[in-house]
Structure formats: C-alpha cells, structure tokens
Amino acid sequence: MIAETALAALWLAAALSLLQLLFGIAALRPGGSDVAPAMRPVAVAQAALVGLAFLLLIQLFLRTDLSVALVAANSHSAKPWLYKFAGAWGNHEGSMLLWVTVLAGAGAAVALFERRLPERTLIATLAAQAAIGLGFYAFLLFASNPFDRLFPAPAEGNGLNPLLQDPGLAFHPPTLYFGYVGISIAFSFAVGALVTRDVGPAFARAMRPWVLGAWIFLTLGITAGSYWAYYELGWGGWWFWDPVENASLMPWLAATALLHSVTVLATRDGLRAWTVMLAVVAFSMSMIGTFLVRSGILTSVHSFAVDPQRGAFILVLLVLYIGGALALFGLRVGTVREGSTFEPVSREGALVVNNLLLSAILGIVMVGTLYPLLIEALSGEKLSVGPPYFNSVSGPLALLLVAVMAAGPLLRWRRDRIGAMARRLAVPLGLTALTLAALLVLFPAIGLLPLLGLVLAFGVGAASLAPLWKRNLRRTPLFVWGMVISHLGIAVSLAGMASEAAFTRETLVAAPIGETVSVGPYRVRFDGVEPLAGPNWSAIQARFTARRGDGSPFVLRPQARTFHSPPTETSEAAIATRLDGQLYTVIGKQDEKGRWQLRLWWKPFVTLIWLGGGLVALGGLLALLGRVRRRRAAREDEA
Amino acid sequence: MKSARLLAVALAAATASSSHAQSNAPAAPYAYAQLPDPRQEAEAKALMETLRCLVCQGQSIADSDADMAGDMRSLVRERIAAGERPEAIRAWLVERYGSWVSYKPPVEPVTWPLWAAPAVLLALGLWLARGRFRRKAR
Amino acid sequence: MRKVLLFLPLALFAAVVLAFAFRLYAPGDAIIRSRMVGKPMPDFALKPIVPNHPGLAAADLRRGAPRLVNVFGSWCIPCRVEAPQLEALKARGLPIDAIAIRDTSADVAGFLRDHGDPFQRIGDDPTSRVQIAIGSSGVPETFVVDGKGIIRHQHIGEIRPEDVDGIVAAWEAAR
C-alpha cells in the first residue's frame with residue numbers, strides 16, 4: 001500500500017503543478033482573472049505531496065520491501081540502517097524523485113517567503129517553476145517510476161554498490177541537489193522577469209538571497225563530494241576533471257558569476273541582460289548535467305546505468321526549457337535597457353572582470369567536457385580531454401581571477417583611482433612579494449602553477465581581510481563579513497591545492513610484516529594484518545604504527561574490503577589528520593612472496609582545500625543572514 | 001525498460017576490480033612500487049597521471065586498481081628508468097590505442113578549436129564587456 | 001547586429017542539442033580499437049607457459065600462412081564462453097596461437113583441460129607487455145595475422161557463434 005499511496009501522491013503533485021501553471025497563465029493574460037492568490041497554496045501543497053512521496057520511498061527502503069522493483073534492484077536486507085536510508089537516492093529513480101522534491105520545495109519556498117518581487121513577476125516566476133516541475137514529473141511517472149512493483153517479489157535484493165556504502169552518500173547528493181536544483185529559482189525569476197519585462201535593482205535584490213541559498217549548498221556539495229572521492233577511491237586524488245565533476249562545477253561557476261553580477265544590478269542598475277542570461281545559464285547547466293549523467297553519453301565513474309529512452313526524454317525537456325528560455329531572452333531582452341555604464345577602475349569594473357573570467361572558465365570547462373562527444377559524433381575519432389588540458393588552460397585564468405578578487409573589494413563603487421587602490425593593497429602586495437622570495441629560496445624546485453598558487457594564496461588571504469581594516473568590527477554589516485570570509489576561504493582552499501600539488505610525498509612499496517617505511521616526516525611500521533567481518537563485508541585490516549620524529553606513536557588501520565552483494569573489492573584508506581596535513585594509508589594485495597602492497601602519502605595542508613570550501617559556504621551563509629535581516633528591517637520600517 | 005530496471009543502477013564501479021575478474025598472477029614489478037631515482041619517479045608519475053586506463057570508467061592509470069592499469073604503470077616506469085622521454089612513451093601508446101589513451105589532447109587540426117577556445121572565449125567576453133565601460137576622456 | 005547577438009546563446013545551445021541527439025541516436029561504443037591493424041606485428045618472443053605447448057614469437061607469425069592469435073586469460077569469464085567457437089575455427093582449418101595474459105602455468109593447464117585446447121603455441125605474457133604492444137585493450141581478443149606478419153584484423157570481445165564466419169573470411173582474405 002505504501003508504494004501505491006506514494007504513487008498517488010506523485011500524480012496529485014503533478015496535477016497541482018499543471019494547475020499552478022494554468023493559474024499563472026490565466027492571471028497574466030490581459031485583463032486576467034483573479035486566480036493569482038490561489039497559486040501560493042497550490043505551490044505549497046504540491047511540495048507537501050511530492051515530499052510525502054519521497055518520505056514513503058525512504059520508508060520502503062528502510063523496510064526493504066522487495067516487492068518494489070527499485071528496492072529489489074538496489075537494496076539488500078543485510079545492509080546497515082544508514083545505507084538503507086541513503087540508498088533511497090543512491091539510484092536513478094530515487095535520486096530523480098529527490099530532484100523533483102527539491103524543485104517543488106524551492107517553488108514552495110518562493111511562494112511562502114518571497115514578498116519583494118512585483119506581483120506580476122512573482123506570478124510568472126511561480127508559473128515557470130510549475131512548468132519545469134511538470135516536465136520532470138512526467139519524466140518520473142512515465143520513464144522512471146520509483147514505485148513499480150515486481151511480481152513475484154524476489155527473496156533478496158541485489159544490494160547497493162559498495163562504493164556508495166559510505167556516510168558520504170547520506171550527505172553529498174542531497175546537499176548537491178539542494179544547490180543544483182535550488183538554482184532553478186533564479187531561472188524561474190529570470191523567465192518571470194523576461195515575461196513581465198521588469199528587470200531592475202528591485203528584481204536583483206529579490207533574487208539575491210535565493211541565489212545565495214542555492215550557491216551555499218552547491219559549494220558544500222562540491223566540497224563534500226571532493227572529500228568523499230579523496231578518501232573513498234584510495235589513491236589520494238581529490239579532483240579528477242571527470243565529466244560528471246565538471247557537470248557539477250559548471251552550475252557553481254555560473255552561480256558564482258551570477259552572485260556577483262546580481263550585486264552590480266542591485267547596487268548600480270547595470271548588467272541587466274547579462275544577469276538574466278546568467279540566471280538562465282546556471283540552472284541550464286544543472287539540467288545539462290542531469291542529462292549527461294543519466295543519458296549514458298559520457299563514461300564516468302559517476303554515471304548511472306542507462307537507457308537511451310530516458311536520455312531522449314530529458315533531451316526533450318532541455319529543448320523545451322533551455323531552448324524556451326533562451327528564445328524568450330532573444331525576443332524580450334532587446335526591450336530591456338542594458339542599464340548604466342561604468343568607469344573601468346571601480347568596484348563594478350572589477351565585478352565585470354570577475355564575470356568575464358568566471359564565464360570564460362565556465363566556457364572552457366564546458367568545451368573541454370563536450371569536445372570529445374562532438375569529435376566522435378563528427379569524425380568517429382575517440383579523444384580524451386583531461387587534467388593536462390583543464391589545468392593548463394583554466395589554471396592561469398583562475399589565478400588571475402583570484403588576483404582580481406583581492407583587489408575588487410578594496411575598490412570604491414562608481415569611480416576610484418589606481419594609486420589609491422595600490423595604497424590600500426600595500427600590505428598584501430608586500431606579503432605576496434615576501435612569500436615569493438621565501439618560497440624561491442626554500443623550495444627552488446617547485447612547479448610554476450603551485451608556486452603562483454601559494455604566493456597568491458598568501459597575498460589574497462591578507463587582501464581579503466583588508467575590507468575590515470579600520471572598520472568598527474561590531475558595526476560591520478553581516479554581508480560584508482560574509483564576503484570577507486568567502487574570499488578568505490578561496491585563498492585558504494587555493495593554499496591547500498597548491499601545497500598538495502607541490503609538497504605531497506608518496507611511498508609505494510611491497511613490504512613484509514614488521515618492516516618500517518618512511519613517508520615525508522613519518523616512520524610507519526607495518527605491524528601486521530588480521531581478518532575482520534563487517535555487517536555485509538569481510539576485510540583484511542592492516543595495522544600501521546606511525547611516528548613523527550620523537551612524537552608519540554599512533555595506530556592506523558586501513559582495510560581491503562570484499563563486499564558480498566554485489567561482490568566487489570574496495571579499499572578503505574586510514575587517514576590521520578594533523579594540523580599541518582594528512583597521513584593517508586592504504587593496504588593493497590599480498591604478492592607471491594608474502595609481502596603486502598602499501599600505499600602511503602603525506603599531504604601537507606591538504607585539509608585546507610575542504611576547510612576553504614567550508615569557509616566559502618560559511619561566508620555565503622553570513623551574507624544570506626545579513627541580507628535577510630536587512631530586508632526584514634526594511635519591511636518593518638515601511639510598516 | 002525492464003532490462004534497464006533490472007540493471008544494478010548505481011554510480012558505476014570506480015575500481016575496475018568490481019567489473020573485471022582479476023588474475024592470480026603476481027603484479028608487474030613496478031605496478032605498485034616506485035623507481036629508486038626520485039627524479040625519474042616524478043617524471044613517470046606525471047606521465048601516468050595523464051594516461052587513461054583502458055578498462056576503467058574514465059580514470060588515469062595513476063589512480064586505478066585494475067590489473068591492466070598496473071601493467072601500464074610498470075611499463076611506464078621501466079621505460080623511464082631505461083632513459084626514454086615521457087613524450088616518446090606517450091607517442092608509442094598513442095600509436096597503439098589512438099589519442100584516447102592520452103588525457104592530453106594532441107595539437108592537430110581536429111583539436112584546434114579546443115585549444116583555441118580559451119582565447120576565443122576571452123576575446124568574445126572582452127568584446128561584450130567593452131560596451132559596459134564609459135569612455136575615458138571626460 | 002545586436003539582434004543577432006541576442007540569439008547567439010540559442011544557436012550555441014541548438015548545436016549542443018544536435019550533438020547530444022546524434023550521440024543518443026548513435027551511441028558510441030566503449031571499444032578502443034587497435035591502431036596496429038595493417039601494421040607489422042611488433043617483435044617479441046614469449047616463453048612457453050605450459051609444458052606441452054611451445055612459446056610464441058613474432059617470427060612464428062611470418063611463416064607464409066595466415067594465423068589467428070587469441071589473447072586470453074584463464075581468469076577471464078568471456079574466454080570460457082568463446083572456447084567452443086575457437087574449436088570450431090580450428091575444425092575449419094585455421095591455425096590458432098595464443099597469448100596468455102597475467103596467468104600462471106597451473107591455471108592455464110586447468111583452463112585447457114576444462115574448456116578445450118585449440119592452440120598450437122601459447123606465449124606467456126605475465127605483465128601484458130605484448131598485449132599493449134599490439135594495441136589490445138582487454139581479454140579476450142583475437143587477431144588475424146597474415147603470412148608476412150602483418151596484423152590484418154582484430155576481433156574484440158568473445159567470439160560468438162555468429163562471428164565465426166566473419167573471422168574465417170578475414171583469415172581467407174589474409175592468404
């Protein structure tokens with residue numbers, strides 16, 4: 001009964017989204033009807049129903065109801081509780097239901113909390129959100145039904161891919177989806193504004209908190225995903241330029257650019273068309289990512305098992321939504337004036353450069369990701385575009401962007417002088433020069449990109465704090481704190497990346513039990529191995545005793561696991577985190593002479609990569625709180 | 001549709017060990033061991049990170065557990081140790097498997113647009129942005 | 001000009017959609033073909049892996065008559081699946097040699113006992129060195145080599161019953 005109830009709720013939610021769309025069209029027609037007030041409750045009810053369907057799916061997974069095909073194909077009764085729970089979205093249909101749930105939830109949030117947007121634009125926005133929902137409900141109900149029954153029910157399920165049996169699964173996909181799909185609000189706002197031709201500072205101020213909210217989740221999701229891959233894949237890599245990683249990076253790049261352009265629009269009434277374009281592009285990138293992952297046209301670690309029919313279905317949705325929005329843009333935006341122009345040396349000038357560079361990087365990632373597809377379609381030739389391309393091409397632009405980020409916040413709006421800015425940047429510039437000199441003396445063999453990265457990280461870290469200089473810290477608005485902390489987070493993350501690239505020490509050996517090997521500053525003794533039984537796996541667990549100089553020794557226990565259902569081998573790294581880096585250890589196979597393959601890494605300051613990501617998200621959160629608080633204060637003043 | 005439903009839908013196997021049977025034979029000498037000379041090892045490592053594992057789902061041979069990736073690592077390390085240049089080894093592999101095996105796209109007519117993309121994008125961006133700025137003199 | 005520019009994003013998107021649609025319509029295979037087809041077999045000399053079969057060297061493949069070279073592993077499941085087809089090819093008069101990848105003597109002997117032995121020579125390639133040299137990316141694969149030692153054809157994956165005639169034809173063409 002649970003599955004049938006859930007399916008009914010899903011159908012009802014789809015019907016409500018159709019109703020919401022029709023209400024919107026009716027209300028916007030010239031001399032329109034007065035159904036607009038009904039749209040808000042409909043949006044909320046729609047979200048409640050699809051949320052119910054999603055909760056019921058989780059319930060089915062928790063019970064391991066094998067008469068439901070999806071559960072039978074992806075779960076197993078002997079799986080730990082957490083993975084039954086998170087397993088609900090560790091598959092195509094379940095994650096698509098999560099996708100739609102977030103979409104409806106975002107629409108409901110706009111319906112409940114958005115009070116600033118002009119009424120007509122809000123109606124158009126809710127209608128646009130309903131239109132997107134409708135297509136994806138259809139996709140779920142007709143091509144990816146999570147609640148299909150299986151007769152007869154099998155005695156046992158197939159189990160979940162062991163790589164996913166990790167706490168990361170409980171956190172990473174939902175967070176990413178909140179951002180990925182939450183950014184649909186910006187898309188709907190843009191479509192709404194194009195319909196009513198009302199693009200201006202008020203529109204920008206209304207859109208900004210929503211963009212911020214989605215962007216925080218995107219940042220967290222990408223950061224968490226990177227750390228998950230780092231410890232789960234067992235080779236110490238944290239970013240692979242894998243097509244699916246790129247697909248998650250592209251919406252983030254677009255949303256970051258949007259976040260900055262929307263500020264220009266809100267403050268100086270410039271970049272109108274451009275901001276609308278970015279809002280459309282950000283969620284379009286999400287949808288293209290969804291298509292790439294689920295259509296099977298890319299080979300990636302992250303791909304779902306595929307069905308070309310589903311790919312075709314999503315492609316039709318892409319054409320409808322992205323094509324529709326871009327056509328609307330082409331038709332309507334000509335009537336939107338571009339707004340004010342700027343002085344080159346000014347805050348808004350720096351923000352334009354920021355947008356230019358972010359968009360260029362976005363374009364490069366997109367071209368690099370899609371180029372092999374294009375070439376294979378045109379000439380049949382197989383090509384790989386990977387880290388050497390992305391690093392060498394987007395790396396320099398990213399470093400330039402970071403440099404601009406240091407200067408931008410120190411520039412005044414409207415008009416500034418280069419000399420004045422240079423004086424404000426004197427301390428960071430000095431620190432940059434000092435770092436450069438120190439690094440060149442201490443580590444002459446360091447590579448160019450890591451060197452520039454480290455140097456910039458120090459300079460930019462200092463510069464990012466400069467906006468607080470000579471300010472009363474207690475009276476500094478929360479959103480200024482937010483900007484400062486986010487920019488500092490970028491510098492921190494950059495320092496981690498550069499340090500990891502420049503200073504990682506690697507030891508790969510075949511060692512007999514009892515041997516001591518060294519990696520970086522550590523001496524690691526291989527004490528032995530023992531068998532170990534987990535809930536649904538068995539493992540060989542190694543015991544290492546690591547010691548740094550005369551420090552106290554500590555024990556690491558990496559495992560080589562063998563899962564029963566489905567049968568798979570994985571390696572579970574044991575990682576010791578210290579203030580100045582991580583010791584990363586992996587146990588491999590035994591060789592013919594009885595020695596074991598050990599893989600050890602010392603990665604100085606690698607944790608800064610994710611700590612920085614966390615700071616960026618925290619800064620976003622502070623900015624969001626600051627904006628919302630100011631908005632509320634403004635509303636109370638009006639009252 | 002039915003066959004698709006029965007497929008184990010998941011984030012597909014990242015380690016080839018789950019999708020390929022592995023042999024009982026010992027691993028190649030340098031599959032899981034470094035070259036004694038750190039400079040040569042660094043050279044080999046840099047090359048391995050840009051070579052694509054043939055039996056994996058888009059991983060470099062430097063971070064794959066597949067047997068074949070191990071054999072390719074050993075091949076790379078042995079040839080570097082014998083004094084061969086990394087780019088010569090890459091070329092030798094491309095001669096056998098095509099450009100697919102190298103994550104570094106070659107510079108040839110078919111990839112000119114790819115390598116030109118950054119410059120074109122920047123130029124387009126600058127051209128779009130130029131209208132946003134006021135003339136200097138005033 | 002501005003009018004045109006405003007529709008540029010739509011045009012770019014249309015191009016991307018076309019590429020996607022083409023790819024859905026004609027899904028790319030994950031197969032990496034050897035670029036060595038049409039080129040001479042690289043030089044190699046592999047030791048025997050089981051006592052009753054001699055090893056395999058490139059020179060053995062330039063003796064005037066075309067031969068099949070089967071790249072296999074006793075640990076590989078599809079290699080068992082194709083065993084009857086190899087027997088059929090042998091029965092039709094095709095001489096077959098083999099390269100055993102990452103294998104042990106005992107495992108290969110067991111494999112030949114359980115699944116039949118259509119091979120004349122079997123070379124031991126413990127670290128896939130020859131496999132990589134001929135551009136083979138997995139097991140099983142079967143190469144047709146002509147009498148001058150030029151690789152004429154590559155069959156990727158297990159040989160299914162419906163593939164047998166094609167391989168015989170490729171072998172005939174290499175005469």
# chains A, B, ... in the order shown; residues from 1 in each chain; ligands from 1
>>> select_by_dssp(residues="chain C", states="alpha helix (DSSP H)", output="number ranges by chain")
C: 2-6, 8-25, 77-81, 83-91, 105-115, 129-133, 164-173
>>> residues_around(residues="range 5-10 of chain C", least_positions_apart="4", cutoff="10 Å", atoms="only C-alpha atoms", output="list in words")
Ala273, Met277, Val281, Ile322, Gly323, Gly324, Ala325, Leu326, Ala327, Leu328, Phe329, Gly330, Leu331, Arg332, Val333 and Gly334 of chain A; Leu128 of chain B; Met1, Ala14, Ala15 and Val16 of chain C
>>> select_by_dssp(residues="range 77-146 of chain C", states="strand (DSSP E or B)", output="list in words")
Ile96, Asp97, Ala98, Ile99, Ala100, Ile101, Ile122, Gly123, Asp124, Asp125, Glu141, Thr142, Phe143, Val144 and Val145 of chain C
>>> residues_around(residues="Pro174 in chain A", least_positions_apart="4", cutoff="10 Å", atoms="only C-alpha atoms", output="ChimeraX atom specification")
/A:86,89,95,98-99,102,169-170,178-180,217,221
>>> write_last_selection(atoms="C-alpha atoms", output="CSV table (one decimal), in the first residue's frame")
chain,number,residue,atom,x,y,z
A,86,ALA,CA,20.5,6.8,2.0
A,89,TRP,CA,18.6,8.1,-3.5
A,95,SER,CA,17.6,10.4,-7.0
A,98,LEU,CA,14.8,13.7,-4.7
A,99,TRP,CA,15.5,16.1,-7.6
A,102,VAL,CA,13.8,19.8,-4.2
A,169,LEU,CA,26.0,9.1,0.4
A,170,ALA,CA,23.8,10.4,3.2
A,178,PHE,CA,19.6,21.5,-2.9
A,179,GLY,CA,22.1,23.7,-4.8
A,180,TYR,CA,21.8,22.1,-8.2
A,217,PHE,CA,24.5,24.2,-0.9
A,221,GLY,CA,28.0,19.7,-2.1
>>> residues_around(residues="Cys76 in chain C", least_positions_apart="4", cutoff="12 Å", atoms="only C-alpha atoms", output="PyMOL selection string")
(chain B and resi 19-24) or (chain C and resi 71-72+80-83+100-103+107-108+111+138-141+157-158)
>>> closest_atom_pairs(of="chain C", to="chain A", cutoff="12 Å", atoms="only C-alpha atoms", output="Markdown table")
| residue | atom | partner | partner_atom | distance |
| --- | --- | --- | --- | --- |
| C:Met1 | CA | A:Gly334 | CA | 11.6 |
| C:Arg2 | CA | A:Gly334 | CA | 8.2 |
| C:Lys3 | CA | A:Gly334 | CA | 7.4 |
| C:Val4 | CA | A:Gly330 | CA | 8.6 |
| C:Leu5 | CA | A:Gly330 | CA | 8.4 |
| C:Leu6 | CA | A:Gly330 | CA | 4.7 |
| C:Phe7 | CA | A:Gly330 | CA | 5.0 |
| C:Leu8 | CA | A:Gly330 | CA | 8.3 |
| C:Pro9 | CA | A:Leu326 | CA | 6.7 |
| C:Leu10 | CA | A:Leu326 | CA | 5.4 |
| C:Ala11 | CA | A:Leu326 | CA | 9.2 |
| C:Leu12 | CA | A:Leu326 | CA | 10.2 |
| C:Phe13 | CA | A:Gly323 | CA | 7.3 |
| C:Ala14 | CA | A:Gly323 | CA | 7.7 |
| C:Ala15 | CA | A:Leu374 | CA | 9.7 |
| C:Val16 | CA | A:Leu370 | CA | 8.4 |
| C:Val17 | CA | A:Val319 | CA | 7.5 |
| C:Leu18 | CA | A:Leu374 | CA | 9.5 |
| C:Ala19 | CA | A:Leu374 | CA | 6.0 |
| C:Phe20 | CA | A:Ile297 | CA | 7.8 |
| C:Ala21 | CA | A:Ala312 | CA | 7.5 |
| C:Phe22 | CA | A:Ala377 | CA | 6.7 |
| C:Arg23 | CA | A:Ala377 | CA | 6.5 |
| C:Leu24 | CA | A:Pro308 | CA | 6.2 |
| C:Tyr25 | CA | A:Pro308 | CA | 8.2 |
| C:Ala26 | CA | A:Ala377 | CA | 8.3 |
| C:Pro27 | CA | A:Ile297 | CA | 6.8 |
| C:Gly28 | CA | A:Ile297 | CA | 7.5 |
| C:Asp29 | CA | A:Ile297 | CA | 9.7 |
| C:Ala30 | CA | A:Thr299 | CA | 8.1 |
| C:Ile31 | CA | A:Lys382 | CA | 9.7 |
| C:Ile32 | CA | A:Lys382 | CA | 8.2 |
| C:Arg33 | CA | A:Lys382 | CA | 9.8 |
| C:Arg35 | CA | A:Glu381 | CA | 11.8 |
| C:Thr104 | CA | A:Glu592 | CA | 11.6 |
>>> residues_around(residues="range 576-585 of chain A", least_positions_apart="2", cutoff="6 Å", atoms="only C-alpha atoms", output="number ranges by chain")
A: 573-574, 599-606
>>> atom_distance(atom1="CA of Gln20 in chain A", atom2="CA of Ala130 in chain A")
6.1 Å
>>> residues_around(residues="Ser565 in chain A", least_positions_apart="3", cutoff="9 Å", atoms="only C-alpha atoms", output="PyMOL selection string")
chain A and resi 76+157-162+536-537+568
>>> closest_residue(among="C:Gln120, C:Gln131, C:Gln154, C:Ser137", to="chain B", atoms="only C-alpha atoms")
C:Ser137
>>> atom_distance(atom1="CA of Arg561 in chain A", atom2="CA of Ala72 in chain A")
23.3 Å
>>> residues_around(residues="range 201-208 of chain A", least_positions_apart="5", cutoff="6 Å", atoms="only C-alpha atoms", output="list of chain:residue names")
A:Arg116, A:Leu117, A:Val262, A:Leu265, A:Ala266, A:Asp269
>>> atom_distance(atom1="CA of Gly147 in chain C", atom2="CA of Ala65 in chain C")
4.1 Å
>>> interface_residues(of="chain B", to="chain C", cutoff="10 Å", atoms="only C-alpha atoms", output="PDB file with N, CA and C atoms, in the first residue's frame")
ATOM      1  N   HIS B  20      35.707  -6.399 -13.545  1.00  0.00           N
ATOM      2  CA  HIS B  20      36.588  -7.291 -14.283  1.00  0.00           C
ATOM      3  C   HIS B  20      37.165  -8.327 -13.336  1.00  0.00           C
ATOM      4  N   ALA B  21      37.194  -9.546 -13.785  1.00  0.00           N
ATOM      5  CA  ALA B  21      37.858 -10.571 -12.993  1.00  0.00           C
ATOM      6  C   ALA B  21      39.341 -10.248 -12.952  1.00  0.00           C
ATOM      7  N   GLN B  22      39.989 -10.583 -11.864  1.00  0.00           N
ATOM      8  CA  GLN B  22      41.409 -10.319 -11.744  1.00  0.00           C
ATOM      9  C   GLN B  22      42.130 -11.662 -11.653  1.00  0.00           C
ATOM     10  N   SER B  23      43.378 -11.659 -12.112  1.00  0.00           N
ATOM     11  CA  SER B  23      44.087 -12.930 -12.186  1.00  0.00           C
ATOM     12  C   SER B  23      44.814 -13.238 -10.896  1.00  0.00           C
ATOM     13  N   ASN B  24      45.320 -14.458 -10.812  1.00  0.00           N
ATOM     14  CA  ASN B  24      46.104 -14.859  -9.644  1.00  0.00           C
ATOM     15  C   ASN B  24      47.580 -14.566  -9.816  1.00  0.00           C
ATOM     16  N   ALA B  25      47.960 -14.156 -11.019  1.00  0.00           N
ATOM     17  CA  ALA B  25      49.387 -13.961 -11.284  1.00  0.00           C
ATOM     18  C   ALA B  25      49.895 -12.750 -10.503  1.00  0.00           C
ATOM     19  N   PRO B  26      51.194 -12.741 -10.146  1.00  0.00           N
ATOM     20  CA  PRO B  26      51.744 -11.596  -9.414  1.00  0.00           C
ATOM     21  C   PRO B  26      51.704 -10.330 -10.256  1.00  0.00           C
ATOM     22  N   ALA B  27      51.618  -9.179  -9.593  1.00  0.00           N
ATOM     23  CA  ALA B  27      51.576  -7.905 -10.307  1.00  0.00           C
ATOM     24  C   ALA B  27      52.932  -7.632 -10.950  1.00  0.00           C
ATOM     25  N   ALA B  28      52.897  -6.780 -11.975  1.00  0.00           N
ATOM     26  CA  ALA B  28      54.137  -6.403 -12.652  1.00  0.00           C
ATOM     27  C   ALA B  28      55.062  -5.695 -11.658  1.00  0.00           C
ATOM     28  N   PRO B  29      56.386  -5.768 -11.921  1.00  0.00           N
ATOM     29  CA  PRO B  29      57.333  -5.295 -10.903  1.00  0.00           C
ATOM     30  C   PRO B  29      57.107  -3.855 -10.442  1.00  0.00           C
ATOM     31  N   ALA B  31      54.229  -2.033 -10.819  1.00  0.00           N
ATOM     32  CA  ALA B  31      52.825  -1.634 -10.787  1.00  0.00           C
ATOM     33  C   ALA B  31      52.513  -0.909  -9.486  1.00  0.00           C
ATOM     34  N   CYS B  53      43.340   4.882 -18.248  1.00  0.00           N
ATOM     35  CA  CYS B  53      43.213   3.444 -18.036  1.00  0.00           C
ATOM     36  C   CYS B  53      42.272   2.874 -19.088  1.00  0.00           C
ATOM     37  N   LEU B  54      42.667   1.756 -19.712  1.00  0.00           N
ATOM     38  CA  LEU B  54      41.906   1.234 -20.852  1.00  0.00           C
ATOM     39  C   LEU B  54      40.645   0.501 -20.433  1.00  0.00           C
ATOM     40  N   VAL B  55      40.626  -0.041 -19.220  1.00  0.00           N
ATOM     41  CA  VAL B  55      39.481  -0.863 -18.821  1.00  0.00           C
ATOM     42  C   VAL B  55      38.643  -0.203 -17.733  1.00  0.00           C
ATOM     43  N   GLN B  57      36.421   3.337 -16.002  1.00  0.00           N
ATOM     44  CA  GLN B  57      35.393   4.281 -16.425  1.00  0.00           C
ATOM     45  C   GLN B  57      35.926   5.700 -16.340  1.00  0.00           C
ATOM     46  N   ASP B  67      44.179  -4.438 -12.977  1.00  0.00           N
ATOM     47  CA  ASP B  67      45.438  -5.110 -13.307  1.00  0.00           C
ATOM     48  C   ASP B  67      46.113  -4.473 -14.513  1.00  0.00           C
ATOM     49  N   MET B  68      45.294  -4.161 -15.528  1.00  0.00           N
ATOM     50  CA  MET B  68      45.871  -3.621 -16.755  1.00  0.00           C
ATOM     51  C   MET B  68      46.520  -2.258 -16.491  1.00  0.00           C
ATOM     52  N   GLY B  70      47.867  -1.423 -13.714  1.00  0.00           N
ATOM     53  CA  GLY B  70      49.126  -1.749 -13.031  1.00  0.00           C
ATOM     54  C   GLY B  70      50.207  -2.113 -14.034  1.00  0.00           C
ATOM     55  N   ASP B  71      49.840  -2.918 -15.041  1.00  0.00           N
ATOM     56  CA  ASP B  71      50.826  -3.297 -16.061  1.00  0.00           C
ATOM     57  C   ASP B  71      51.308  -2.072 -16.834  1.00  0.00           C
ATOM     58  N   MET B  72      50.381  -1.128 -17.094  1.00  0.00           N
ATOM     59  CA  MET B  72      50.797   0.071 -17.831  1.00  0.00           C
ATOM     60  C   MET B  72      51.703   0.953 -16.973  1.00  0.00           C
ATOM     61  N   SER B  74      53.768  -0.160 -14.748  1.00  0.00           N
ATOM     62  CA  SER B  74      55.064  -0.816 -14.756  1.00  0.00           C
ATOM     63  C   SER B  74      55.803  -0.524 -16.061  1.00  0.00           C
ATOM     64  N   LEU B  75      55.051  -0.570 -17.152  1.00  0.00           N
ATOM     65  CA  LEU B  75      55.650  -0.280 -18.460  1.00  0.00           C
ATOM     66  C   LEU B  75      56.237   1.130 -18.489  1.00  0.00           C
ATOM     67  N   TRP B  92      54.270   6.423 -28.231  1.00  0.00           N
ATOM     68  CA  TRP B  92      54.261   4.979 -28.500  1.00  0.00           C
ATOM     69  C   TRP B  92      52.879   4.396 -28.169  1.00  0.00           C
ATOM     70  N   LEU B  93      52.308   4.838 -27.054  1.00  0.00           N
ATOM     71  CA  LEU B  93      50.988   4.334 -26.672  1.00  0.00           C
ATOM     72  C   LEU B  93      49.896   4.855 -27.611  1.00  0.00           C
ATOM     73  N   VAL B  94      50.004   6.139 -28.000  1.00  0.00           N
ATOM     74  CA  VAL B  94      49.009   6.706 -28.907  1.00  0.00           C
ATOM     75  C   VAL B  94      49.042   5.980 -30.247  1.00  0.00           C
ATOM     76  N   GLU B  95      50.246   5.560 -30.671  1.00  0.00           N
ATOM     77  CA  GLU B  95      50.391   4.816 -31.917  1.00  0.00           C
ATOM     78  C   GLU B  95      49.583   3.518 -31.850  1.00  0.00           C
ATOM     79  N   ARG B  96      49.441   2.961 -30.639  1.00  0.00           N
ATOM     80  CA  ARG B  96      48.726   1.696 -30.485  1.00  0.00           C
ATOM     81  C   ARG B  96      47.236   1.852 -30.220  1.00  0.00           C
ATOM     82  N   TYR B  97      46.883   2.852 -29.411  1.00  0.00           N
ATOM     83  CA  TYR B  97      45.495   2.973 -28.970  1.00  0.00           C
ATOM     84  C   TYR B  97      44.802   4.239 -29.475  1.00  0.00           C
ATOM     85  N   GLY B  98      45.510   5.102 -30.170  1.00  0.00           N
ATOM     86  CA  GLY B  98      44.903   6.358 -30.597  1.00  0.00           C
ATOM     87  C   GLY B  98      44.951   7.392 -29.481  1.00  0.00           C
ATOM     88  N   TRP B 100      42.863   8.484 -27.625  1.00  0.00           N
ATOM     89  CA  TRP B 100      42.006   8.197 -26.482  1.00  0.00           C
ATOM     90  C   TRP B 100      42.819   7.882 -25.228  1.00  0.00           C
ATOM     91  N   VAL B 101      43.975   7.270 -25.414  1.00  0.00           N
ATOM     92  CA  VAL B 101      44.741   6.786 -24.265  1.00  0.00           C
ATOM     93  C   VAL B 101      45.426   7.933 -23.523  1.00  0.00           C
ATOM     94  N   LEU B 128      32.155  41.806 -25.535  1.00  0.00           N
ATOM     95  CA  LEU B 128      30.854  42.047 -24.908  1.00  0.00           C
ATOM     96  C   LEU B 128      30.967  43.089 -23.801  1.00  0.00           C
TER      97      LEU B 128
END
>>> closest_residue(among="B:Ala33, B:Glu87, B:Pro118, B:Tyr103", to="Ile61 in chain B", atoms="only C-alpha atoms")
B:Tyr103
>>> closest_residue(among="B:Ala44, B:Ala66, B:Leu35, B:Leu121", to="chain A", atoms="only C-alpha atoms")
B:Leu121
>>> closest_residue(among="B:Pro86, B:Pro36, B:Gly58, B:Pro109", to="chain A", atoms="only C-alpha atoms")
B:Gly58
